[in-house]
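Here is model16.txt, consisting of compact mmCIF, C-alpha atoms:
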```txt
# COMPACT_ATOMS: atom_id res chain seq x y z
CA MET A 22 2.91 -24.03 -4.58
CA THR A 23 -0.22 -22.09 -3.71
CA THR A 24 -2.80 -23.71 -5.98
CA VAL A 25 -6.14 -22.61 -4.51
CA SER A 26 -7.44 -20.00 -2.14
CA ASP A 27 -7.00 -22.19 0.95
CA ALA A 28 -4.60 -19.77 2.63
CA ALA A 29 -6.69 -16.76 1.75
CA THR A 30 -9.82 -18.46 2.99
CA SER A 31 -8.11 -19.49 6.22
CA ALA A 32 -6.86 -15.97 6.85
CA SER A 33 -10.31 -14.57 6.20
CA ALA A 34 -11.88 -17.10 8.54
CA THR A 35 -9.62 -15.99 11.39
CA ALA A 36 -10.38 -12.34 10.78
CA SER A 37 -13.20 -12.29 13.36
CA ASP A 38 -15.61 -11.19 10.67
CA GLY A 39 -19.18 -10.35 11.49
CA PRO A 40 -21.25 -7.55 12.97
CA GLU A 41 -19.76 -7.76 16.47
CA ALA A 42 -16.17 -7.66 15.22
CA ASP A 43 -17.00 -4.83 12.82
CA SER A 44 -18.66 -2.84 15.59
CA ALA A 45 -15.66 -3.33 17.88
CA GLU A 46 -13.28 -2.19 15.12
CA ARG A 47 -15.40 0.87 14.38
CA THR A 48 -15.44 1.78 18.08
CA LEU A 49 -11.66 1.35 18.28
CA ARG A 50 -11.10 3.60 15.27
CA HIS A 51 -13.38 6.29 16.64
CA ALA A 52 -11.51 6.24 19.95
CA LYS A 53 -8.10 6.48 18.23
CA VAL A 54 -9.15 9.36 16.00
CA ARG A 55 -10.87 11.27 18.79
CA ALA A 56 -7.81 10.93 21.01
CA ALA A 57 -5.67 12.38 18.22
CA MET A 58 -8.23 15.14 17.64
CA ALA A 59 -8.19 16.10 21.31
CA GLU A 60 -4.39 16.22 21.28
CA ASN A 61 -4.50 18.55 18.27
CA GLY A 62 -7.42 20.69 19.44
CA LEU A 63 -9.78 19.68 16.61
CA ASP A 64 -13.56 19.83 16.82
CA ALA A 65 -13.99 17.81 13.63
CA VAL A 66 -12.02 15.92 11.00
CA LEU A 67 -13.04 15.99 7.37
CA ALA A 68 -11.54 13.08 5.43
CA TYR A 69 -11.25 13.99 1.76
CA GLY A 70 -10.89 11.26 -0.85
CA PRO A 71 -9.91 12.19 -4.39
CA GLY A 72 -10.13 9.39 -6.91
CA TRP A 73 -6.60 8.12 -6.28
CA ARG A 74 -6.35 8.60 -2.48
CA ARG A 75 -9.46 7.21 -0.81
CA GLU A 76 -7.78 5.50 2.16
CA ASN A 77 -9.05 7.90 4.83
CA VAL A 78 -12.64 7.73 3.61
CA ARG A 79 -12.41 3.95 3.66
CA TYR A 80 -10.92 4.00 7.15
CA PHE A 81 -14.08 5.66 8.47
CA ALA A 82 -16.64 4.00 6.19
CA ASP A 83 -15.18 0.53 5.50
CA ALA A 84 -16.83 0.78 2.09
CA ARG A 85 -15.36 0.91 -1.38
CA VAL A 86 -16.22 4.25 -2.96
CA THR A 87 -15.66 5.10 -6.61
CA GLY A 88 -16.66 8.75 -6.89
CA SER A 89 -14.15 11.30 -8.15
CA SER A 90 -14.49 13.05 -4.78
CA SER A 91 -15.77 11.75 -1.45
CA PHE A 92 -15.79 12.91 2.16
CA VAL A 93 -16.43 11.61 5.63
CA LEU A 94 -17.25 14.21 8.27
CA PHE A 95 -16.17 12.95 11.68
CA PRO A 96 -17.06 15.26 14.61
CA ALA A 97 -15.65 15.14 18.12
CA SER A 98 -19.08 13.87 19.13
CA GLY A 99 -22.22 13.03 17.24
CA GLU A 100 -23.09 11.38 13.96
CA VAL A 101 -20.63 10.49 11.20
CA ALA A 102 -21.66 11.53 7.68
CA ALA A 103 -20.35 10.40 4.27
CA PHE A 104 -20.64 12.14 0.89
CA SER A 105 -19.74 11.00 -2.62
CA THR A 106 -20.00 12.48 -6.09
CA ARG A 107 -21.18 9.07 -7.34
CA ARG A 108 -24.73 8.18 -6.37
CA SER A 109 -24.03 4.46 -6.78
CA ASP A 110 -21.64 4.63 -3.79
CA LEU A 111 -24.47 5.44 -1.38
CA PRO A 112 -26.03 1.95 -1.08
CA GLU A 113 -22.66 0.43 -0.14
CA LEU A 114 -21.92 3.19 2.36
CA ARG A 115 -25.31 2.64 3.98
CA ARG A 116 -25.09 -1.16 3.84
CA ARG A 117 -21.81 -1.27 5.75
CA GLY A 118 -23.33 0.93 8.45
CA TRP A 119 -20.06 2.48 9.61
CA VAL A 120 -21.40 5.96 8.89
CA ASP A 121 -24.73 7.30 10.13
CA SER A 122 -25.72 8.93 6.84
CA ALA A 123 -24.63 9.00 3.21
CA ASP A 124 -25.51 11.70 0.69
CA THR A 125 -24.63 12.71 -2.84
CA LEU A 126 -22.07 15.49 -3.22
CA ASP A 127 -22.29 18.07 -5.99
CA VAL A 128 -18.89 19.75 -6.17
CA TRP A 129 -20.52 22.85 -7.72
CA ASP A 130 -23.02 23.12 -4.88
CA PRO A 131 -21.84 21.07 -1.84
CA ALA A 132 -24.67 22.33 0.39
CA PRO A 133 -25.33 18.97 2.17
CA LEU A 134 -21.72 19.00 3.37
CA THR A 135 -21.40 22.71 4.13
CA ASP A 136 -24.76 22.82 5.90
CA ARG A 137 -23.69 19.97 8.17
CA LEU A 138 -20.44 21.77 8.93
CA ARG A 139 -22.28 24.97 9.86
CA GLU A 140 -24.45 23.02 12.30
CA LEU A 141 -21.33 21.79 14.10
CA ARG A 142 -19.94 25.33 14.54
CA PRO A 143 -16.38 24.07 14.85
CA ARG A 144 -13.66 26.41 16.07
CA ARG A 145 -10.92 24.30 14.49
CA ILE A 146 -11.29 21.61 11.83
CA GLY A 147 -8.69 19.35 10.26
CA ILE A 148 -8.95 18.14 6.67
CA ALA A 149 -7.11 14.96 5.71
CA HIS A 150 -5.61 15.42 2.23
CA TYR A 151 -6.26 19.15 2.53
CA GLU A 152 -3.26 19.51 0.21
CA LEU A 153 -5.19 17.73 -2.57
CA LEU A 154 -8.49 19.56 -2.11
CA PRO A 155 -9.61 21.38 -5.29
CA ALA A 156 -9.77 25.15 -4.94
CA MET A 157 -13.52 25.27 -5.58
CA LEU A 158 -14.22 22.91 -2.67
CA ALA A 159 -11.69 24.63 -0.41
CA ASN A 160 -13.35 27.98 -1.13
CA ALA A 161 -16.80 26.55 -0.43
CA LEU A 162 -15.61 25.29 2.97
CA ARG A 163 -14.00 28.61 3.87
CA THR A 164 -17.16 30.46 2.90
CA ALA A 165 -19.30 28.12 5.01
CA LEU A 166 -16.96 28.42 8.01
CA PRO A 167 -15.75 32.05 8.09
CA GLY A 168 -14.71 31.97 11.75
CA THR A 169 -13.22 28.46 11.74
CA GLU A 170 -9.52 27.68 11.65
CA ILE A 171 -8.94 25.06 8.93
CA VAL A 172 -5.74 22.99 9.10
CA SER A 173 -4.35 19.85 7.53
CA ALA A 174 -5.12 16.55 9.26
CA THR A 175 -3.23 14.42 6.76
CA SER A 176 -0.40 13.55 9.16
CA LEU A 177 -2.89 12.96 11.97
CA LEU A 178 -4.72 10.24 10.06
CA ASP A 179 -1.49 8.82 8.63
CA GLY A 180 -0.34 8.27 12.20
CA VAL A 181 -3.65 6.79 13.36
CA ARG A 182 -3.74 4.36 10.44
CA MET A 183 -0.12 3.28 10.86
CA VAL A 184 -0.84 1.01 13.82
CA LYS A 185 -2.86 -1.94 12.56
CA SER A 186 -5.48 -3.69 14.68
CA ASP A 187 -5.94 -7.47 14.77
CA TRP A 188 -9.01 -6.91 12.56
CA GLU A 189 -6.85 -5.17 9.97
CA LEU A 190 -3.96 -7.63 10.22
CA ALA A 191 -6.32 -10.51 9.46
CA ARG A 192 -7.26 -8.81 6.22
CA MET A 193 -3.65 -8.08 5.37
CA ARG A 194 -2.75 -11.72 5.89
CA ARG A 195 -5.43 -12.57 3.36
CA SER A 196 -3.71 -10.17 0.97
CA ALA A 197 -0.43 -11.97 1.74
CA ALA A 198 -1.90 -15.31 0.65
CA VAL A 199 -3.03 -13.72 -2.62
CA CYS A 200 0.48 -12.26 -3.12
CA ALA A 201 1.89 -15.80 -2.92
CA ALA A 202 -0.66 -17.16 -5.39
CA GLY A 203 0.03 -14.28 -7.78
CA TRP A 204 3.76 -14.92 -7.68
CA ASP A 205 3.21 -18.62 -8.36
CA ALA A 206 1.18 -17.69 -11.44
CA PHE A 207 3.97 -15.32 -12.51
CA VAL A 208 6.68 -18.00 -12.39
CA ASP A 209 4.48 -20.73 -13.88
CA VAL A 210 3.98 -18.86 -17.15
CA LEU A 211 7.57 -17.75 -17.86
CA GLU A 212 9.10 -18.98 -21.12
CA PRO A 213 10.90 -17.54 -24.14
CA GLY A 214 8.58 -15.84 -26.63
CA LEU A 215 6.03 -14.67 -24.03
CA PRO A 216 5.22 -10.93 -24.04
CA GLU A 217 5.27 -9.08 -20.73
CA TYR A 218 1.58 -8.25 -20.92
CA ARG A 219 0.70 -11.96 -21.00
CA ILE A 220 2.50 -12.48 -17.69
CA VAL A 221 0.49 -9.70 -16.09
CA ALA A 222 -2.73 -11.07 -17.60
CA GLU A 223 -2.11 -14.48 -16.01
CA VAL A 224 -1.37 -12.90 -12.64
CA GLU A 225 -4.43 -10.65 -12.82
CA ALA A 226 -6.67 -13.61 -13.67
CA ARG A 227 -5.34 -15.59 -10.73
CA ILE A 228 -5.61 -12.92 -8.06
CA LYS A 229 -8.99 -11.65 -9.25
CA GLU A 230 -10.22 -15.26 -9.03
CA LEU A 231 -9.16 -15.16 -5.37
CA GLY A 232 -11.12 -11.98 -4.73
CA ALA A 233 -8.61 -9.17 -5.30
CA GLU A 234 -10.35 -5.81 -5.73
CA ASP A 235 -7.41 -4.28 -7.53
CA ASN A 236 -3.74 -4.80 -8.28
CA PHE A 237 -0.80 -2.44 -8.69
CA MET A 238 1.91 -4.15 -10.69
CA LEU A 239 5.17 -3.10 -12.31
CA ILE A 240 7.37 -5.35 -14.43
CA ALA A 241 10.63 -5.36 -16.36
CA SER A 242 12.37 -8.03 -18.40
CA GLY A 243 15.83 -8.20 -19.86
CA LYS A 244 19.40 -8.57 -18.73
CA ASP A 245 21.87 -6.18 -17.10
CA GLU A 246 20.67 -3.23 -19.20
CA VAL A 247 17.41 -2.96 -17.23
CA ARG A 248 17.32 0.22 -15.09
CA GLY A 249 13.77 0.12 -13.66
CA MET A 250 10.22 -1.15 -14.04
CA THR A 251 7.16 0.05 -15.91
CA ALA A 252 3.69 -1.13 -16.85
CA PRO A 253 3.82 -4.27 -19.05
CA THR A 254 5.00 -3.86 -22.64
CA PRO A 255 4.88 -6.09 -25.72
CA ARG A 256 8.55 -7.00 -25.17
CA VAL A 257 9.05 -10.75 -25.70
CA LEU A 258 11.01 -12.79 -23.16
CA GLN A 259 14.32 -14.32 -24.16
CA ALA A 260 16.40 -17.07 -22.57
CA GLY A 261 18.61 -15.58 -19.87
CA ASP A 262 16.28 -12.69 -19.11
CA MET A 263 15.63 -11.75 -15.50
CA VAL A 264 11.98 -10.76 -15.06
CA ARG A 265 11.29 -8.42 -12.15
CA THR A 266 8.03 -7.42 -10.55
CA GLU A 267 6.29 -5.57 -7.76
CA LEU A 268 2.98 -7.37 -7.31
CA THR A 269 0.50 -5.58 -5.05
CA PRO A 270 -3.05 -6.98 -4.70
CA GLN A 271 -5.78 -5.21 -2.73
CA MET A 272 -8.08 -7.37 -0.59
CA ASP A 273 -10.88 -5.97 1.58
CA GLY A 274 -9.36 -2.54 1.02
CA TYR A 275 -5.86 -3.53 2.17
CA TRP A 276 -2.82 -3.58 -0.10
CA LEU A 277 0.20 -5.83 0.36
CA GLN A 278 3.21 -6.28 -1.90
CA ILE A 279 5.67 -8.98 -2.86
CA CYS A 280 8.88 -8.12 -4.73
CA ARG A 281 10.69 -10.89 -6.58
CA SER A 282 12.82 -11.59 -9.64
CA ALA A 283 12.94 -14.76 -11.76
CA VAL A 284 15.18 -15.91 -14.60
CA VAL A 285 14.06 -17.48 -17.88
CA GLY A 286 16.40 -20.46 -17.97
CA LYS A 287 19.49 -21.04 -15.83
CA PRO A 288 20.62 -17.96 -13.86
CA SER A 289 24.05 -16.50 -14.59
CA GLU A 290 26.78 -16.02 -12.02
CA GLY A 291 26.06 -12.28 -12.02
CA GLN A 292 22.36 -12.85 -11.38
CA TYR A 293 23.17 -15.13 -8.44
CA ARG A 294 25.64 -12.60 -7.05
CA SER A 295 23.03 -9.88 -7.42
CA PHE A 296 20.47 -11.94 -5.54
CA ASP A 297 22.93 -12.58 -2.70
CA LEU A 298 23.62 -8.84 -2.37
CA PHE A 299 19.95 -7.90 -2.32
CA ASN A 300 19.02 -10.71 0.05
CA GLU A 301 21.73 -9.59 2.47
CA ALA A 302 20.28 -6.07 2.34
CA VAL A 303 16.73 -7.33 3.01
CA GLU A 304 17.94 -9.34 5.99
CA ALA A 305 19.89 -6.35 7.33
CA GLY A 306 16.76 -4.23 7.15
CA MET A 307 14.73 -6.85 8.97
CA ALA A 308 17.40 -7.25 11.65
CA VAL A 309 16.98 -3.68 12.92
CA VAL A 310 13.18 -3.69 13.04
CA ARG A 311 11.60 -3.29 16.47
CA PRO A 312 9.13 -0.81 18.00
CA GLY A 313 10.58 2.70 17.95
CA VAL A 314 12.93 2.18 15.02
CA THR A 315 12.68 4.86 12.35
CA ALA A 316 12.19 4.54 8.62
CA HIS A 317 15.69 6.08 8.33
CA ASP A 318 17.19 3.28 10.45
CA VAL A 319 15.67 0.54 8.28
CA ALA A 320 16.78 2.23 5.06
CA LYS A 321 20.31 2.87 6.35
CA ALA A 322 20.74 -0.76 7.40
CA GLN A 323 19.97 -1.85 3.85
CA ASN A 324 22.09 0.83 2.20
CA ASP A 325 25.06 0.01 4.43
CA VAL A 326 25.17 -3.46 2.86
CA PHE A 327 25.51 -1.93 -0.60
CA ARG A 328 28.17 0.48 0.69
CA ALA A 329 30.13 -2.35 2.30
CA HIS A 330 30.25 -4.20 -1.04
CA GLY A 331 31.20 -1.11 -3.04
CA TYR A 332 27.76 -0.40 -4.50
CA GLY A 333 26.77 2.57 -2.35
CA GLU A 334 26.29 4.90 -5.32
CA TYR A 335 23.31 2.78 -6.43
CA CYS A 336 21.37 3.81 -3.30
CA THR A 337 21.36 7.47 -4.33
CA SER A 338 18.80 9.58 -6.16
CA GLN A 339 20.68 8.89 -9.40
CA TYR A 340 19.25 5.37 -9.20
CA THR A 341 16.67 4.43 -6.53
CA ARG A 342 16.68 5.86 -2.98
CA VAL A 343 13.55 4.24 -1.50
CA ARG A 344 14.17 1.02 0.42
CA GLY A 345 10.50 0.20 0.99
CA HIS A 346 7.25 1.81 2.09
CA GLY A 347 4.27 1.40 4.37
CA HIS A 348 1.21 -0.70 3.57
CA GLY A 349 -2.43 -0.48 4.52
CA LEU A 350 -5.47 1.17 2.95
CA HIS A 351 -3.03 2.95 0.65
CA LEU A 352 -0.43 0.93 -1.24
CA ASP A 353 2.48 3.33 -0.80
CA GLU A 354 2.51 4.92 2.64
CA THR A 355 5.48 5.96 4.83
CA PRO A 356 8.63 5.83 2.64
CA ILE A 357 11.50 3.74 3.99
CA ILE A 358 14.23 6.17 3.07
CA GLU A 359 17.27 7.71 4.70
CA GLY A 360 16.31 11.01 6.28
CA ASN A 361 12.75 9.99 7.13
CA GLU A 362 12.64 9.98 10.94
CA THR A 363 9.08 8.62 11.14
CA VAL A 364 8.91 6.19 14.07
CA LEU A 365 7.61 2.72 13.21
CA PRO A 366 5.50 1.50 16.16
CA GLU A 367 4.45 -2.03 17.02
CA ASN A 368 1.94 -3.37 14.45
CA ALA A 369 3.06 -1.01 11.72
CA VAL A 370 3.23 -2.85 8.38
CA PHE A 371 5.68 -2.02 5.60
CA ILE A 372 7.69 -3.72 2.89
CA ILE A 373 11.47 -3.91 2.98
CA HIS A 374 12.70 -3.83 -0.62
CA PRO A 375 16.16 -2.55 -1.61
CA ASN A 376 15.15 -2.47 -5.30
CA THR A 377 17.71 -0.70 -7.48
CA PHE A 378 20.13 -1.08 -10.37
CA THR A 379 23.64 -2.47 -10.02
CA PRO A 380 26.05 -3.59 -12.75
CA LEU A 381 25.89 -7.18 -11.43
CA ALA A 382 22.63 -8.02 -13.22
CA GLY A 383 20.79 -4.77 -13.85
CA TYR A 384 17.78 -3.70 -11.82
CA HIS A 385 16.99 -6.29 -9.13
CA VAL A 386 13.71 -6.60 -7.23
CA LEU A 387 13.48 -8.40 -3.88
CA GLY A 388 11.45 -7.68 -0.77
CA ASP A 389 8.98 -8.88 1.85
CA PRO A 390 6.24 -7.09 3.80
CA VAL A 391 6.71 -7.20 7.57
CA ARG A 392 4.79 -6.36 10.73
CA VAL A 393 6.64 -4.71 13.60
CA THR A 394 6.37 -7.02 16.63
CA ALA A 395 7.28 -6.44 20.27
CA ASP A 396 10.81 -7.75 19.71
CA GLY A 397 11.41 -7.69 15.97
CA CYS A 398 9.31 -8.34 12.90
CA GLU A 399 6.98 -10.90 11.38
CA VAL A 400 7.33 -11.63 7.66
CA LEU A 401 3.80 -11.67 6.29
CA ILE A 402 4.28 -13.66 3.09
CA SER A 403 5.14 -17.34 2.76
CA THR A 404 6.98 -17.18 -0.58
CA GLU A 405 10.61 -18.26 -0.30
CA ARG A 406 13.19 -15.55 -0.85
CA LYS A 407 15.35 -17.01 -3.61
CA LEU A 408 16.28 -16.37 -7.24
CA PHE A 409 13.46 -18.20 -9.02
CA HIS A 410 13.94 -19.59 -12.53
CA SER A 411 11.90 -21.42 -15.15
CA GLU A 412 13.28 -23.98 -17.59
CA LYS A 413 10.06 -24.13 -19.61
CA GLY A 414 10.74 -23.76 -23.32
CA VAL A 415 14.47 -23.23 -22.80
CA SER A 416 16.82 -25.40 -24.89
CA ALA A 417 19.31 -27.43 -22.90
```

structure tokens encoding of this file:
Amino acid sequence: MTTVSDAATSASATASDGPEADSAERTLRHAKVRAAMAENGLDAVLAYGPGWRRENVRYFADARVTGSSSFVLFPASGEVAAFSTRRSDLPELRRRGWVDSADTLDVWDPAPLTDRLRELRPRRIGIAHYELLPAMLANALRTALPGTEIVSATSLLDGVRMVKSDWELARMRRSAAVCAAGWDAFVDVLEPGLPEYRIVAEVEARIKELGAEDNFMLIASGKDEVRGMTAPTPRVLQAGDMVRTELTPQMDGYWLQICRSAVVGKPSEGQYRSFDLFNEAVEAGMAVVRPGVTAHDVAKAQNDVFRAHGYGEYCTSQYTRVRGHGHGLHLDETPIIEGNETVLPENAVFIIHPNTFTPLAGYHVLGDPVRVTADGCEVLISTERKLFHSEKGVSA
């Protein structure tokens, strides 16, 4: 049982924190991005961060920003500049020191940004999350750069961020320790009569106590009628319910997820059979992981287990097709899905979770985050993979 933040503290302590480590990480990131820029013929990258997709801005700035729109302008050479619509973001951007300047952005008159772009005179610029850029900002950039080719750099930065450094992995291991503590809090509170929102409240209190910046969490309770998960509801737990969750805390900017299911009372034969099926699928996914494997390969290995047992239809779009997804500064990165030929290199991090409905016990949730190693994978969380159950408040 994870009772205090010992594991999280230990992971943080091994993260090589401090100015020298931060400077080395910043230098590494700049080198990786500039190599990708050179390969793609870019004179500058503009990382755009709308309110729900700030991962690229954070990659350059290592600062939590809260503005509805933010940018980092990263040139092939020269100073790195950050911009945010929220003035209160500027002190944190400047304090971290990963960018050379930080200014307020007015989306109706983005002159500080457009003036800086004109000074660079880029022939070709890539915008990360160009696809999400509001028309008024896109038009302002085109007006400021009439002779510049503007292209998307979303895939470029997705690829750069996919390979995690030791600096990043240390922070993700801290997230893993908080995942374990959150799951312990989840199981500890289960009993008949408890509403779903109380479970989430207990988990939130525990992980926020350990320093979580945020948490993405889905939940579902019930028996074999459950088809998926949602935000918590007032539904009250009953004996025999299986309670499912995706628990995803964010620590130091980095998200990591644990997927588990627990039963209120003694599990049924169908619930045990369901666990065995899903656990076999998780292990099959892990067995194929190595540098150079594709997201398709990992998904197919899991789906083949369902097909072999006669449950292949539950891996289709009629139910749930995704067998996991990448982790990092965004909680839901590269999808682990058949047909996605994205190569997973060494030190990529993603969760393997064959979550879906079957008639055995309804929707089942099970999965672990892994790091691709030189010869396989490292499971990043310590929580046992089993069908948890709680006897608290359940009559014999």

Practice item. For region 167-175 of chain A, list every protein, DNA or RNA residue within 12 Å, evaluated using all atoms listed in the file, and leave out those in the same chain fewer than 2 positions away; present the list as a ChimeraX atom specification. Key: /A:54,57-58,61-70,74,76-78,95,135,138-139,141-154,159-165,177-182,354

Just-selected residues, C-alpha atoms written as a compact mmCIF listing (two decimals), in the coordinates of the input:
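This went into selection22.txt:
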```txt
# COMPACT_ATOMS: atom_id res chain seq x y z
CA VAL A 54 -9.15 9.36 16.00
CA ALA A 57 -5.67 12.38 18.22
CA MET A 58 -8.23 15.14 17.64
CA ASN A 61 -4.50 18.55 18.27
CA GLY A 62 -7.42 20.69 19.44
CA LEU A 63 -9.78 19.68 16.61
CA ASP A 64 -13.56 19.83 16.82
CA ALA A 65 -13.99 17.81 13.63
CA VAL A 66 -12.02 15.92 11.00
CA LEU A 67 -13.04 15.99 7.37
CA ALA A 68 -11.54 13.08 5.43
CA TYR A 69 -11.25 13.99 1.76
CA GLY A 70 -10.89 11.26 -0.85
CA ARG A 74 -6.35 8.60 -2.48
CA GLU A 76 -7.78 5.50 2.16
CA ASN A 77 -9.05 7.90 4.83
CA VAL A 78 -12.64 7.73 3.61
CA PHE A 95 -16.17 12.95 11.68
CA THR A 135 -21.40 22.71 4.13
CA LEU A 138 -20.44 21.77 8.93
CA ARG A 139 -22.28 24.97 9.86
CA LEU A 141 -21.33 21.79 14.10
CA ARG A 142 -19.94 25.33 14.54
CA PRO A 143 -16.38 24.07 14.85
CA ARG A 144 -13.66 26.41 16.07
CA ARG A 145 -10.92 24.30 14.49
CA ILE A 146 -11.29 21.61 11.83
CA GLY A 147 -8.69 19.35 10.26
CA ILE A 148 -8.95 18.14 6.67
CA ALA A 149 -7.11 14.96 5.71
CA HIS A 150 -5.61 15.42 2.23
CA TYR A 151 -6.26 19.15 2.53
CA GLU A 152 -3.26 19.51 0.21
CA LEU A 153 -5.19 17.73 -2.57
CA LEU A 154 -8.49 19.56 -2.11
CA ALA A 159 -11.69 24.63 -0.41
CA ASN A 160 -13.35 27.98 -1.13
CA ALA A 161 -16.80 26.55 -0.43
CA LEU A 162 -15.61 25.29 2.97
CA ARG A 163 -14.00 28.61 3.87
CA THR A 164 -17.16 30.46 2.90
CA ALA A 165 -19.30 28.12 5.01
CA LEU A 177 -2.89 12.96 11.97
CA LEU A 178 -4.72 10.24 10.06
CA ASP A 179 -1.49 8.82 8.63
CA GLY A 180 -0.34 8.27 12.20
CA VAL A 181 -3.65 6.79 13.36
CA ARG A 182 -3.74 4.36 10.44
CA GLU A 354 2.51 4.92 2.64
```

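Among the candidate residues A:Gln278, A:Ser44, A:Ser416, A:Ser105, the one lying nearest to Ile372 (chain A) is A:Gln278, with distances computed using only C-alpha atoms.
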
Review point. Neighbours of region 379-396 of chain A within 7 Å (only C-alpha atoms; same-chain residues fewer than 4 positions away dropped), as an MDAnalysis selection string?
Key: chainID A and resid 244:249 265:266 278:282 291:292 294:295 299 303 310:312 335 366:375 400:402

Point to revise | region 315-320 of chain A environment, 7 Å, all atoms listed in the file, sequence neighbours closer than 5 positions dropped, as a list of chain:residue names | key: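 Result of the neighbour search: A:Gly306, A:Val309, A:Val310, A:Arg344, A:Ile357, A:Ile358, A:Glu359, A:Gly360, A:Asn361, A:Glu362, A:Thr363, A:Val364, A:Leu365.
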
Point to revise | Neighbour list for Leu211 (chain A) as a ChimeraX atom specification, cut-off 12 Å, all atoms listed in the file, skip fewer than 6 positions in-chain | key: /A:204-205,217-221,223-224,242,257-265,282-286,409-415

C-alpha atoms of the current selection, written as a PDB file, in the frame of the given file:
```pdb
ATOM      1  CA  TRP A 204       3.760 -14.920  -7.680  1.00  0.00           C
ATOM      2  CA  ASP A 205       3.210 -18.620  -8.360  1.00  0.00           C
ATOM      3  CA  GLU A 217       5.270  -9.080 -20.730  1.00  0.00           C
ATOM      4  CA  TYR A 218       1.580  -8.250 -20.920  1.00  0.00           C
ATOM      5  CA  ARG A 219       0.700 -11.960 -21.000  1.00  0.00           C
ATOM      6  CA  ILE A 220       2.500 -12.480 -17.690  1.00  0.00           C
ATOM      7  CA  VAL A 221       0.490  -9.700 -16.090  1.00  0.00           C
ATOM      8  CA  GLU A 223      -2.110 -14.480 -16.010  1.00  0.00           C
ATOM      9  CA  VAL A 224      -1.370 -12.900 -12.640  1.00  0.00           C
ATOM     10  CA  SER A 242      12.370  -8.030 -18.400  1.00  0.00           C
ATOM     11  CA  VAL A 257       9.050 -10.750 -25.700  1.00  0.00           C
ATOM     12  CA  LEU A 258      11.010 -12.790 -23.160  1.00  0.00           C
ATOM     13  CA  GLN A 259      14.320 -14.320 -24.160  1.00  0.00           C
ATOM     14  CA  ALA A 260      16.400 -17.070 -22.570  1.00  0.00           C
ATOM     15  CA  GLY A 261      18.610 -15.580 -19.870  1.00  0.00           C
ATOM     16  CA  ASP A 262      16.280 -12.690 -19.110  1.00  0.00           C
ATOM     17  CA  MET A 263      15.630 -11.750 -15.500  1.00  0.00           C
ATOM     18  CA  VAL A 264      11.980 -10.760 -15.060  1.00  0.00           C
ATOM     19  CA  ARG A 265      11.290  -8.420 -12.150  1.00  0.00           C
ATOM     20  CA  SER A 282      12.820 -11.590  -9.640  1.00  0.00           C
ATOM     21  CA  ALA A 283      12.940 -14.760 -11.760  1.00  0.00           C
ATOM     22  CA  VAL A 284      15.180 -15.910 -14.600  1.00  0.00           C
ATOM     23  CA  VAL A 285      14.060 -17.480 -17.880  1.00  0.00           C
ATOM     24  CA  GLY A 286      16.400 -20.460 -17.970  1.00  0.00           C
ATOM     25  CA  PHE A 409      13.460 -18.200  -9.020  1.00  0.00           C
ATOM     26  CA  HIS A 410      13.940 -19.590 -12.530  1.00  0.00           C
ATOM     27  CA  SER A 411      11.900 -21.420 -15.150  1.00  0.00           C
ATOM     28  CA  GLU A 412      13.280 -23.980 -17.590  1.00  0.00           C
ATOM     29  CA  LYS A 413      10.060 -24.130 -19.610  1.00  0.00           C
ATOM     30  CA  GLY A 414      10.740 -23.760 -23.320  1.00  0.00           C
ATOM     31  CA  VAL A 415      14.470 -23.230 -22.800  1.00  0.00           C
TER      32      VAL A 415
END
```

Point to revise | CA of Leu408 (chain A) to CA of Val208 (chain A), straight-line distance in Å | key: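 Those two atoms sit 11.0 Å apart.
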
Let me have the centre and edge lengths in Å, one decimal, of the box along x, y and z around every listed atom of region 67-86 of chain A with 5 Å of margin on each side, as JSON.
```
{"center_x": -11.6, "center_y": 8.3, "center_z": 0.8, "size_x": 20.5, "size_y": 25.5, "size_z": 25.4}
```

Point to revise | One-decimal distance in Å that lies between CA of Glu304 (chain A) and CA of Cys336 (chain A) | key: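 Result for CA of Cys336 (chain A) versus CA of Glu304 (chain A): 16.5 Å, one decimal.
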
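In this model, the gap between CA of Gln271 (chain A) and CA of Phe104 (chain A) comes to 23.1 Å.
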
Exercise for review: Find, counting all atoms listed in the file, the residue in A:Trp276, A:Pro255, A:Cys200, A:Arg406 that gets nearest to Phe296 (chain A).
Suggested key: A:Arg406

Review point. In terms of the shortest atom-to-atom distance over all atoms listed in the file, which of A:Ile228, A:Met183, A:Ala302, A:Ala191 is closest to Thr269 (chain A)?
Key: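 Selected residue with least distance to Thr269 (chain A): A:Ile228.
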
Final N, CA and C atoms of region 278-282 of chain A as an mmCIF file, in the frame of the given file:
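Below you can see part_8.cif, which holds the result:
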```cif
data_model
loop_
_atom_site.group_PDB
_atom_site.id
_atom_site.type_symbol
_atom_site.label_atom_id
_atom_site.label_comp_id
_atom_site.auth_asym_id
_atom_site.auth_seq_id
_atom_site.Cartn_x
_atom_site.Cartn_y
_atom_site.Cartn_z
ATOM 1 N N GLN A 278 2.338 -6.136 -0.733
ATOM 2 C CA GLN A 278 3.210 -6.280 -1.900
ATOM 3 C C GLN A 278 4.235 -7.390 -1.703
ATOM 4 N N ILE A 279 4.532 -8.068 -2.800
ATOM 5 C CA ILE A 279 5.670 -8.980 -2.860
ATOM 6 C C ILE A 279 6.588 -8.496 -3.972
ATOM 7 N N CYS A 280 7.880 -8.516 -3.730
ATOM 8 C CA CYS A 280 8.880 -8.120 -4.730
ATOM 9 C C CYS A 280 9.803 -9.315 -4.979
ATOM 10 N N ARG A 281 9.856 -9.747 -6.225
ATOM 11 C CA ARG A 281 10.690 -10.890 -6.580
ATOM 12 C C ARG A 281 11.202 -10.737 -8.008
ATOM 13 N N SER A 282 12.251 -11.502 -8.301
ATOM 14 C CA SER A 282 12.820 -11.590 -9.640
ATOM 15 C C SER A 282 12.996 -13.058 -10.001
#
```
